[in-house]
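J.: query-v4.txt is reproduced below (compact mmCIF, C-alpha atoms (C1' of nucleotides)).
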```
# COMPACT_ATOMS: atom_id res chain seq x y z
CA MET X 214 -25.41 25.36 23.25
CA ASN X 215 -22.43 24.68 21.02
CA GLU X 216 -21.71 21.38 19.45
CA VAL X 217 -18.22 20.14 20.06
CA LYS X 218 -17.73 20.09 16.35
CA GLY X 219 -14.89 17.91 15.18
CA SER X 220 -13.63 17.27 18.66
CA ALA X 221 -11.99 14.19 17.23
CA GLY X 222 -11.41 14.77 13.55
CA LEU X 223 -10.37 12.34 10.91
CA PRO X 224 -7.05 11.45 12.56
CA GLY X 225 -9.00 10.17 15.54
CA THR X 226 -11.00 7.63 13.56
CA LEU X 227 -10.20 3.94 13.56
CA VAL X 228 -9.99 3.91 9.79
CA PHE X 229 -7.28 6.54 9.80
CA ARG X 230 -5.36 5.00 12.69
CA LEU X 231 -5.52 1.50 11.25
CA GLY X 232 -4.53 2.75 7.83
CA THR X 233 -1.50 4.74 8.93
CA LEU X 234 -0.36 2.26 11.57
CA GLY X 235 -0.82 -0.64 9.18
CA ALA X 236 1.18 1.03 6.44
CA THR X 237 3.98 2.00 8.81
CA MET X 238 4.22 -1.42 10.39
CA SER X 239 4.15 -3.14 7.01
CA ASP X 240 7.00 -0.94 5.83
CA ARG X 241 9.07 -1.75 8.89
CA PHE X 242 8.32 -5.43 8.51
CA ALA X 243 9.32 -5.22 4.86
CA GLU X 244 12.68 -3.71 5.84
CA ARG X 245 13.38 -6.53 8.24
CA ILE X 246 12.57 -9.40 5.90
CA GLU X 247 14.53 -7.85 3.07
CA ARG X 248 17.61 -9.75 4.19
CA HIS X 249 15.75 -12.98 3.46
CA ARG X 250 14.97 -11.59 0.01
CA LEU X 251 11.28 -11.61 0.85
CA LYS X 252 8.52 -9.05 0.65
CA PRO X 253 5.25 -9.03 2.57
CA LYS X 254 3.33 -10.66 -0.27
CA HIS X 255 5.77 -13.56 -0.33
CA VAL X 256 5.23 -14.02 3.37
CA GLY X 257 1.49 -13.94 2.81
CA LEU X 258 1.86 -16.77 0.34
CA LEU X 259 4.09 -18.78 2.67
CA THR X 260 1.61 -18.23 5.48
CA ALA X 261 -1.31 -19.45 3.39
CA LEU X 262 0.65 -22.54 2.43
CA GLY X 263 1.62 -23.13 6.04
CA GLN X 264 -1.99 -23.10 7.10
CA GLY X 265 -3.69 -25.25 4.55
CA SER X 266 -3.27 -27.09 1.35
CA PHE X 267 -4.44 -25.68 -1.92
CA ALA X 268 -5.40 -27.72 -4.90
CA SER X 269 -4.12 -25.18 -7.38
CA GLN X 270 -2.42 -21.84 -7.73
CA GLN X 271 -5.74 -20.34 -8.68
CA ASP X 272 -7.28 -21.42 -5.40
CA LEU X 273 -4.40 -19.68 -3.74
CA ALA X 274 -4.94 -16.53 -5.76
CA GLY X 275 -8.54 -16.48 -4.64
CA GLN X 276 -7.59 -16.95 -1.01
CA LEU X 277 -5.01 -14.18 -1.13
CA GLY X 278 -7.24 -11.88 -3.12
CA VAL X 279 -4.70 -11.30 -5.87
CA ALA X 280 -4.55 -12.02 -9.59
CA PRO X 281 -3.44 -15.53 -10.61
CA SER X 282 -0.56 -14.05 -12.57
CA LEU X 283 0.79 -12.54 -9.38
CA VAL X 284 0.84 -15.93 -7.69
CA VAL X 285 3.01 -17.10 -10.57
CA SER X 286 5.68 -14.48 -10.00
CA LEU X 287 5.56 -14.83 -6.23
CA ALA X 288 5.90 -18.60 -6.55
CA ASP X 289 8.71 -18.20 -9.10
CA HIS X 290 10.69 -16.17 -6.62
CA LEU X 291 9.95 -18.50 -3.72
CA GLU X 292 10.97 -21.44 -5.83
CA THR X 293 14.27 -19.70 -6.61
CA LEU X 294 14.82 -19.38 -2.88
CA GLY X 295 14.04 -23.05 -2.41
CA ALA X 296 11.07 -22.23 -0.20
CA VAL X 297 8.36 -23.89 -2.25
CA ARG X 298 8.03 -26.68 -4.77
CA ARG X 299 5.59 -27.05 -7.61
CA VAL X 300 4.17 -30.51 -7.99
CA ARG X 301 1.93 -31.44 -10.88
CA ASP X 302 -1.35 -33.10 -10.13
CA PRO X 303 -1.05 -36.47 -11.91
CA ARG X 304 -4.79 -36.64 -12.42
CA ASP X 305 -5.00 -33.26 -14.08
CA ARG X 306 -1.65 -32.27 -15.42
CA ARG X 307 -2.72 -28.66 -15.89
CA ARG X 308 -2.76 -28.15 -12.15
CA GLN X 309 0.19 -27.53 -9.91
CA ALA X 310 0.07 -27.66 -6.16
CA LEU X 311 2.52 -25.50 -4.22
CA THR X 312 4.09 -27.04 -1.15
CA LEU X 313 6.38 -25.64 1.50
CA THR X 314 9.86 -27.11 1.68
CA ASP X 315 11.89 -27.35 4.88
CA ARG X 316 13.56 -24.14 3.81
CA GLY X 317 10.14 -22.58 3.39
CA HIS X 318 9.21 -23.52 6.94
CA GLU X 319 12.48 -22.03 8.15
CA LEU X 320 11.84 -18.77 6.34
CA LEU X 321 8.30 -18.59 7.63
CA ALA X 322 9.57 -19.11 11.16
CA ALA X 323 12.21 -16.42 10.71
CA CYS X 324 9.61 -13.93 9.46
CA THR X 325 7.31 -14.80 12.33
CA ALA X 326 10.15 -14.07 14.72
CA GLU X 327 10.69 -10.67 13.09
CA ALA X 328 7.01 -9.89 13.43
CA ARG X 329 7.03 -10.88 17.08
CA ALA X 330 10.05 -8.67 17.70
CA LEU X 331 8.26 -5.73 16.10
CA ASP X 332 5.18 -6.48 18.19
CA ALA X 333 7.28 -6.42 21.32
CA GLU X 334 8.83 -3.07 20.43
CA LEU X 335 5.49 -1.57 19.60
CA THR X 336 3.83 -2.68 22.81
CA ALA X 337 6.76 -2.38 25.21
CA HIS X 338 4.99 0.43 27.05
CA LEU X 339 1.82 -1.59 27.61
CA GLY X 340 1.00 -3.92 30.44
CA GLU X 341 0.27 -7.55 29.74
CA SER X 342 -3.47 -7.18 30.17
CA GLU X 343 -3.54 -4.25 27.74
CA ARG X 344 -1.58 -6.23 25.21
CA GLN X 345 -4.01 -9.09 25.52
CA ALA X 346 -7.00 -6.80 25.14
CA LEU X 347 -5.48 -5.31 22.02
CA HIS X 348 -4.91 -8.71 20.48
CA THR X 349 -8.46 -9.72 21.23
CA ALA X 350 -9.95 -6.51 19.89
CA LEU X 351 -7.97 -6.62 16.64
CA GLY X 352 -8.82 -10.26 16.15
CA SER X 353 -12.45 -9.37 16.54
CA LEU X 354 -12.18 -6.53 14.02
CA ALA X 355 -10.39 -8.80 11.56
CA ALA X 356 -13.17 -11.34 11.82
CA ARG X 357 -15.75 -8.64 11.33
CA ALA X 358 -13.91 -7.36 8.27
CA GLY X 359 -13.93 -10.84 6.79
CA LEU X 360 -10.21 -11.45 7.13
CA PRO X 361 -8.62 -14.72 8.17
CA THR X 362 -8.76 -14.72 11.94
CA ASP X 363 -6.05 -17.23 12.41
CA MET E 42 6.96 -31.85 27.49
CA ASN E 43 6.07 -30.37 24.15
CA GLU E 44 6.32 -26.73 23.39
CA VAL E 45 3.16 -25.31 21.93
CA LYS E 46 5.16 -24.35 18.93
CA GLY E 47 3.59 -21.67 16.83
CA SER E 48 0.39 -21.68 18.83
CA ALA E 49 -0.17 -18.24 17.40
CA GLY E 50 1.74 -18.00 14.16
CA LEU E 51 2.34 -15.00 12.00
CA PRO E 52 -1.36 -14.26 11.43
CA GLY E 53 -1.74 -13.77 15.16
CA THR E 54 0.86 -11.00 15.40
CA LEU E 55 -0.06 -7.36 15.69
CA VAL E 56 2.07 -6.50 12.68
CA PHE E 57 0.11 -8.90 10.49
CA ARG E 58 -3.27 -7.87 11.86
CA LEU E 59 -2.54 -4.17 11.60
CA GLY E 60 -1.14 -4.60 8.11
CA THR E 61 -4.06 -6.54 6.70
CA LEU E 62 -6.75 -4.60 8.55
CA GLY E 63 -5.16 -1.30 7.63
CA ALA E 64 -4.94 -2.21 3.95
CA THR E 65 -8.53 -3.44 3.86
CA MET E 66 -9.93 -0.43 5.65
CA SER E 67 -7.95 1.96 3.48
CA ASP E 68 -9.31 0.28 0.38
CA ARG E 69 -12.87 0.59 1.62
CA PHE E 70 -12.31 4.20 2.58
CA ALA E 71 -10.86 4.83 -0.87
CA GLU E 72 -14.00 3.43 -2.48
CA ARG E 73 -16.20 5.73 -0.49
CA ILE E 74 -14.33 8.95 -1.17
CA GLU E 75 -14.04 8.17 -4.85
CA ARG E 76 -17.26 10.05 -5.49
CA HIS E 77 -15.56 13.20 -4.21
CA ARG E 78 -12.73 12.52 -6.67
CA LEU E 79 -10.35 12.05 -3.78
CA LYS E 80 -7.89 9.36 -2.79
CA PRO E 81 -6.50 8.69 0.67
CA LYS E 82 -3.35 10.71 0.02
CA HIS E 83 -5.42 13.74 -0.90
CA VAL E 84 -7.29 13.39 2.34
CA GLY E 85 -4.01 13.12 4.17
CA LEU E 86 -2.94 16.41 2.69
CA LEU E 87 -6.25 18.08 3.51
CA THR E 88 -5.98 16.76 7.05
CA ALA E 89 -2.49 18.12 7.50
CA LEU E 90 -3.62 21.51 6.20
CA GLY E 91 -6.61 21.46 8.50
CA GLN E 92 -4.45 20.85 11.53
CA GLY E 93 -1.60 23.25 11.23
CA SER E 94 -0.03 25.87 9.13
CA PHE E 95 2.89 24.94 6.94
CA ALA E 96 5.31 27.40 5.58
CA SER E 97 5.99 25.60 2.34
CA GLN E 98 5.08 22.60 0.26
CA GLN E 99 8.38 21.04 1.20
CA ASP E 100 7.55 21.27 4.89
CA LEU E 101 4.35 19.54 4.05
CA ALA E 102 6.15 16.80 2.15
CA GLY E 103 8.32 16.20 5.19
CA GLN E 104 5.31 16.03 7.47
CA LEU E 105 3.50 13.58 5.22
CA GLY E 106 6.59 11.54 4.56
CA VAL E 107 6.33 11.77 0.80
CA ALA E 108 8.45 13.25 -1.97
CA PRO E 109 8.02 16.98 -2.66
CA SER E 110 7.07 16.20 -6.23
CA LEU E 111 4.12 14.20 -4.98
CA VAL E 112 2.85 17.17 -3.00
CA VAL E 113 2.83 19.08 -6.25
CA SER E 114 0.56 16.64 -8.02
CA LEU E 115 -1.70 16.18 -5.00
CA ALA E 116 -2.01 19.95 -4.65
CA ASP E 117 -2.63 20.32 -8.38
CA HIS E 118 -5.58 18.00 -8.15
CA LEU E 119 -6.94 19.60 -5.00
CA GLU E 120 -6.63 23.01 -6.62
CA THR E 121 -8.62 21.73 -9.58
CA LEU E 122 -11.34 20.69 -7.14
CA GLY E 123 -11.24 24.12 -5.53
CA ALA E 124 -10.22 22.60 -2.21
CA VAL E 125 -6.93 24.43 -1.74
CA ARG E 126 -5.29 27.64 -2.87
CA ARG E 127 -1.65 28.38 -3.45
CA VAL E 128 -0.52 31.74 -2.16
CA ARG E 129 2.99 33.00 -2.72
CA ASP E 130 4.94 34.21 0.25
CA PRO E 131 5.62 37.89 -0.55
CA ARG E 132 8.82 37.83 1.48
CA ASP E 133 10.23 34.81 -0.33
CA ARG E 134 8.59 34.45 -3.66
CA ARG E 135 9.93 30.95 -4.13
CA ARG E 136 7.62 29.66 -1.44
CA GLN E 137 3.98 28.88 -1.77
CA ALA E 138 1.72 28.23 1.16
CA LEU E 139 -1.24 25.91 0.66
CA THR E 140 -4.45 26.92 2.36
CA LEU E 141 -7.79 25.19 2.68
CA THR E 142 -10.73 26.88 1.00
CA ASP E 143 -14.30 26.62 2.27
CA ARG E 144 -14.76 23.85 -0.25
CA GLY E 145 -11.70 22.14 1.19
CA HIS E 146 -13.21 22.24 4.66
CA GLU E 147 -16.44 20.81 3.28
CA LEU E 148 -14.62 17.95 1.58
CA LEU E 149 -12.63 17.21 4.70
CA ALA E 150 -15.81 17.10 6.73
CA ALA E 151 -17.44 14.78 4.20
CA CYS E 152 -14.47 12.40 4.31
CA THR E 153 -14.47 12.47 8.09
CA ALA E 154 -18.12 11.49 8.03
CA GLU E 155 -17.33 8.55 5.74
CA ALA E 156 -14.56 7.43 8.08
CA ARG E 157 -16.89 7.62 11.08
CA ALA E 158 -19.50 5.58 9.23
CA LEU E 159 -16.92 2.92 8.48
CA ASP E 160 -15.81 2.97 12.10
CA ALA E 161 -19.37 2.41 13.21
CA GLU E 162 -19.81 -0.55 10.87
CA LEU E 163 -16.56 -2.09 11.95
CA THR E 164 -17.27 -1.82 15.65
CA ALA E 165 -21.04 -2.39 15.62
CA HIS E 166 -20.55 -5.64 17.52
CA LEU E 167 -18.54 -4.04 20.31
CA GLY E 168 -19.78 -2.42 23.47
CA GLU E 169 -19.03 1.21 24.15
CA SER E 170 -16.32 0.47 26.65
CA GLU E 171 -14.58 -1.88 24.24
CA ARG E 172 -14.73 0.73 21.53
CA GLN E 173 -13.20 3.27 23.84
CA ALA E 174 -10.45 0.89 24.89
CA LEU E 175 -9.62 0.20 21.26
CA HIS E 176 -9.39 3.90 20.45
CA THR E 177 -7.11 4.47 23.39
CA ALA E 178 -4.89 1.52 22.59
CA LEU E 179 -4.48 2.43 18.92
CA GLY E 180 -3.76 6.03 19.83
CA SER E 181 -1.08 4.82 22.15
CA LEU E 182 0.45 2.62 19.46
CA ALA E 183 0.36 5.46 16.96
CA ALA E 184 2.20 7.70 19.39
CA ARG E 185 4.75 4.99 20.01
CA ALA E 186 5.26 4.51 16.29
CA GLY E 187 5.91 8.23 15.91
CA LEU E 188 2.72 9.00 14.02
CA PRO E 189 0.58 12.08 14.54
CA THR E 190 -1.61 11.28 17.52
CA ASP E 191 -4.25 13.79 16.75
C1' DT Y 98 25.69 29.18 -5.11
C1' DA Y 99 21.60 27.34 -2.59
C1' DT Y 100 16.71 26.53 -2.31
C1' DT Y 101 11.51 26.12 -3.83
C1' DG Y 102 8.57 24.42 -6.76
C1' DT Y 103 7.96 22.06 -11.04
C1' DT Y 104 8.60 18.86 -14.82
C1' DA Y 105 10.67 14.71 -16.88
C1' DT Y 106 11.89 10.24 -16.28
C1' DA Y 107 12.14 5.73 -14.33
C1' DC Y 108 10.89 2.13 -11.26
C1' DT Y 109 7.74 -0.91 -8.52
C1' DC Y 110 3.60 -3.20 -8.03
C1' DT Y 111 -0.25 -5.38 -9.80
C1' DA Y 112 -4.00 -6.27 -12.99
C1' DT Y 113 -5.79 -7.53 -17.72
C1' DA Y 114 -5.26 -9.82 -21.80
C1' DA Y 115 -3.03 -12.97 -24.96
C1' DC Y 116 -0.99 -17.49 -25.29
C1' DT Y 117 0.29 -22.66 -24.35
C1' DA Y 118 -0.77 -27.09 -22.59
C1' DT Y 119 -3.80 -29.98 -21.08
C1' DA Y 120 -8.62 -31.55 -20.54
C1' DT O 268 -14.51 -25.74 -26.19
C1' DA O 269 -12.99 -24.78 -21.49
C1' DT O 270 -9.53 -24.39 -17.85
C1' DA O 271 -4.64 -23.94 -15.32
C1' DG O 272 -0.72 -21.79 -15.66
C1' DT O 273 2.29 -18.64 -17.95
C1' DT O 274 3.89 -14.62 -20.48
C1' DA O 275 3.22 -9.98 -22.40
C1' DT O 276 1.44 -5.68 -21.85
C1' DA O 277 -0.45 -1.73 -19.59
C1' DG O 278 -1.78 1.25 -15.79
C1' DA O 279 -1.41 3.39 -11.19
C1' DG O 280 1.44 5.27 -7.86
C1' DT O 281 5.54 7.28 -6.32
C1' DA O 282 10.47 8.36 -6.16
C1' DT O 283 14.73 10.42 -8.25
C1' DA O 284 16.82 13.59 -11.11
C1' DA O 285 16.93 17.55 -14.15
C1' DC O 286 15.27 22.25 -14.59
C1' DA O 287 13.52 27.21 -13.85
C1' DA O 288 12.72 31.00 -10.81
C1' DT O 289 14.11 33.30 -6.87
C1' DA O 290 17.14 34.13 -3.06
```
Written as structure tokens, that's how I'd like the structure from this file.
T.:
Amino acid sequence: MNEVKGSAGLPGTLVFRLGTLGATMSDRFAERIERHRLKPKHVGLLTALGQGSFASQQDLAGQLGVAPSLVVSLADHLETLGAVRRVRDPRDRRRQALTLTDRGHELLAACTAEARALDAELTAHLGESERQALHTALGSLAARAGLPTD
Amino acid sequence: MNEVKGSAGLPGTLVFRLGTLGATMSDRFAERIERHRLKPKHVGLLTALGQGSFASQQDLAGQLGVAPSLVVSLADHLETLGAVRRVRDPRDRRRQALTLTDRGHELLAACTAEARALDAELTAHLGESERQALHTALGSLAARAGLPTD
DNA sequence: TATTGTTATACTCTATAACTATA
DNA sequence: TATAGTTATAGAGTATAACAATA
């Protein structure tokens, strides 16, 4: 009796599919937010700021999983765009808290709209229940992988 | 009547979930294949070779969506590992066809096993029917995004 | 002259390490 | 002396452009 060896090879694995799909979608997203002079990492920073408040840039670096020096350059750029402000903590003048400006909220909303548009294109061939199931499943995987679920 | 504005913000979009999950999974996969001295791009090349026959390295570059010069360095490394061979086309001596060696097949199988192990860890909390549905849905998205479906 | 593979070069992204100011 | 933020430097990864062999 033969084994069905490799019936679904590497391209059939979740790891491969998530990796390739994720990279492709990120690239397309990057193209669309280019006109706002933003890159995905900037949007990640805006998103983090939109969700919670961080005592310091280092907290933020930890949350995003990037080096503190990267937060500096991301924040520099966002400050140039008027999307964030740095405010010194009066009780410990070494610390700076980043806050979203109105412009920052606008940009975040614009990027969210782009993401939703991409979502719609990608799932146009699916029924509503399938779309829902996909959302649920990916949310569950994200939680399992230790990523922010929402 | 208030709109439920931003009830599911950017982190709830497929683009965001696929992007972050894909990056995380790729990183973990990269860690695991490091001991074979391979990186994801090498595995991508091996996979392409394992699936079809390509006339030239440039065809391959097109298929993988990378620059021809990158195929050269990937192939160099794989040749060092004994995973691929370059054979000149006798009818057009400019062309070289890359072929998988036995060692190449072994390495591809080992990487596939790593990917399956990661899959299992990631979906350990799901039932079989949910796992199946996820596979189907992602395959469908991949096809829609113009990626190799299998 | 056009094309394949290769090599040389440059650019982007990000991390590590050195530095400044506050504590 | 230790810590937050910044700046300087270095490395990985990949693309573009110049080049050599073959057509």
J.: Within 12 Å of DC286 of chain O, counting all atoms listed in the file, which residues show up once you throw out same-chain ones fewer than 3 positions away? Write them as a list in words, please.
T.: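 Answer for this query is DG102, DT103, DT104 and DA105 of chain Y.
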J.: Here's a test: counting all atoms listed in the file, identify every protein, DNA and RNA residue with an atom at most 12 Å from (-7.6, -25.8, -17.9) in the file's coordinate frame, and state them as a PDB file with C-alpha atoms (C1' of nucleotides), in the frame of the given file.
T.:
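Once everything was written out, this is out_28.pdb:
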```
ATOM      1  CA  SER X 269      -4.120 -25.180  -7.380  1.00  0.00           C
ATOM      2  CA  GLN X 271      -5.740 -20.340  -8.680  1.00  0.00           C
ATOM      3  CA  ASP X 305      -5.000 -33.260 -14.080  1.00  0.00           C
ATOM      4  CA  ARG X 306      -1.650 -32.270 -15.420  1.00  0.00           C
ATOM      5  CA  ARG X 307      -2.720 -28.660 -15.890  1.00  0.00           C
ATOM      6  CA  ARG X 308      -2.760 -28.150 -12.150  1.00  0.00           C
ATOM      7  CA  GLN X 309       0.190 -27.530  -9.910  1.00  0.00           C
TER       8      GLN X 309
ATOM      9  C1'  DT Y 117       0.290 -22.660 -24.350  1.00  0.00           C
ATOM     10  C1'  DA Y 118      -0.770 -27.090 -22.590  1.00  0.00           C
ATOM     11  C1'  DT Y 119      -3.800 -29.980 -21.080  1.00  0.00           C
ATOM     12  C1'  DA Y 120      -8.620 -31.550 -20.540  1.00  0.00           C
TER      13       DA Y 120
ATOM     14  C1'  DT O 268     -14.510 -25.740 -26.190  1.00  0.00           C
ATOM     15  C1'  DA O 269     -12.990 -24.780 -21.490  1.00  0.00           C
ATOM     16  C1'  DT O 270      -9.530 -24.390 -17.850  1.00  0.00           C
ATOM     17  C1'  DA O 271      -4.640 -23.940 -15.320  1.00  0.00           C
ATOM     18  C1'  DG O 272      -0.720 -21.790 -15.660  1.00  0.00           C
TER      19       DG O 272
END
```
J.: Skipping near chain neighbours, those fewer than 6 positions away, what residues fall within 7 Å of segment 102-119 of chain E using all atoms listed in the file, listed as number ranges by chain?
T.: E: 83, 125; O: 282
J.: Within 12 Å of (-7.2, 5.5, 16.2), only C-alpha atoms (C1' of nucleotides): residues as number ranges by chain?
T.: X: 221-235; E: 59, 63, 156-157, 160, 172-184, 188-191
J.: Could you tell me how far atom CA of Leu141 of chain E lies from atom CA of Ala96 of chain E, in Å and to one decimal?
T.: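 So the answer is 13.6 Å.
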J.: Can you work out the spacing between atom C1' of DA285 of chain O and atom C1' of DA107 of chain Y in Å, to one decimal?
T.: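 Straight-line distance from atom C1' of DA285 of chain O to atom C1' of DA107 of chain Y works out to 12.8 Å.
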J.: Which distance in Å separates atom CA of Phe70 of chain E and atom CA of Thr164 of chain E, to one decimal?
T.: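 Between atom CA of Phe70 of chain E and atom CA of Thr164 of chain E the gap works out to 15.2 Å.
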J.: Can you list, as number ranges by chain, every protein, DNA or RNA residue that comes within 12 Å of DA279 of chain O when you count only C-alpha atoms (C1' of nucleotides), leaving out same-chain residues fewer than 4 positions away?
T.: Y: 109-112
J.: I need the residue nearest chain O from this list: X:Ala296, X:Leu251, X:Ala310, X:Leu321. Use all atoms listed in the file for the distance.
T.: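 Closest to chain O, using all atoms listed in the file: X:Ala310.
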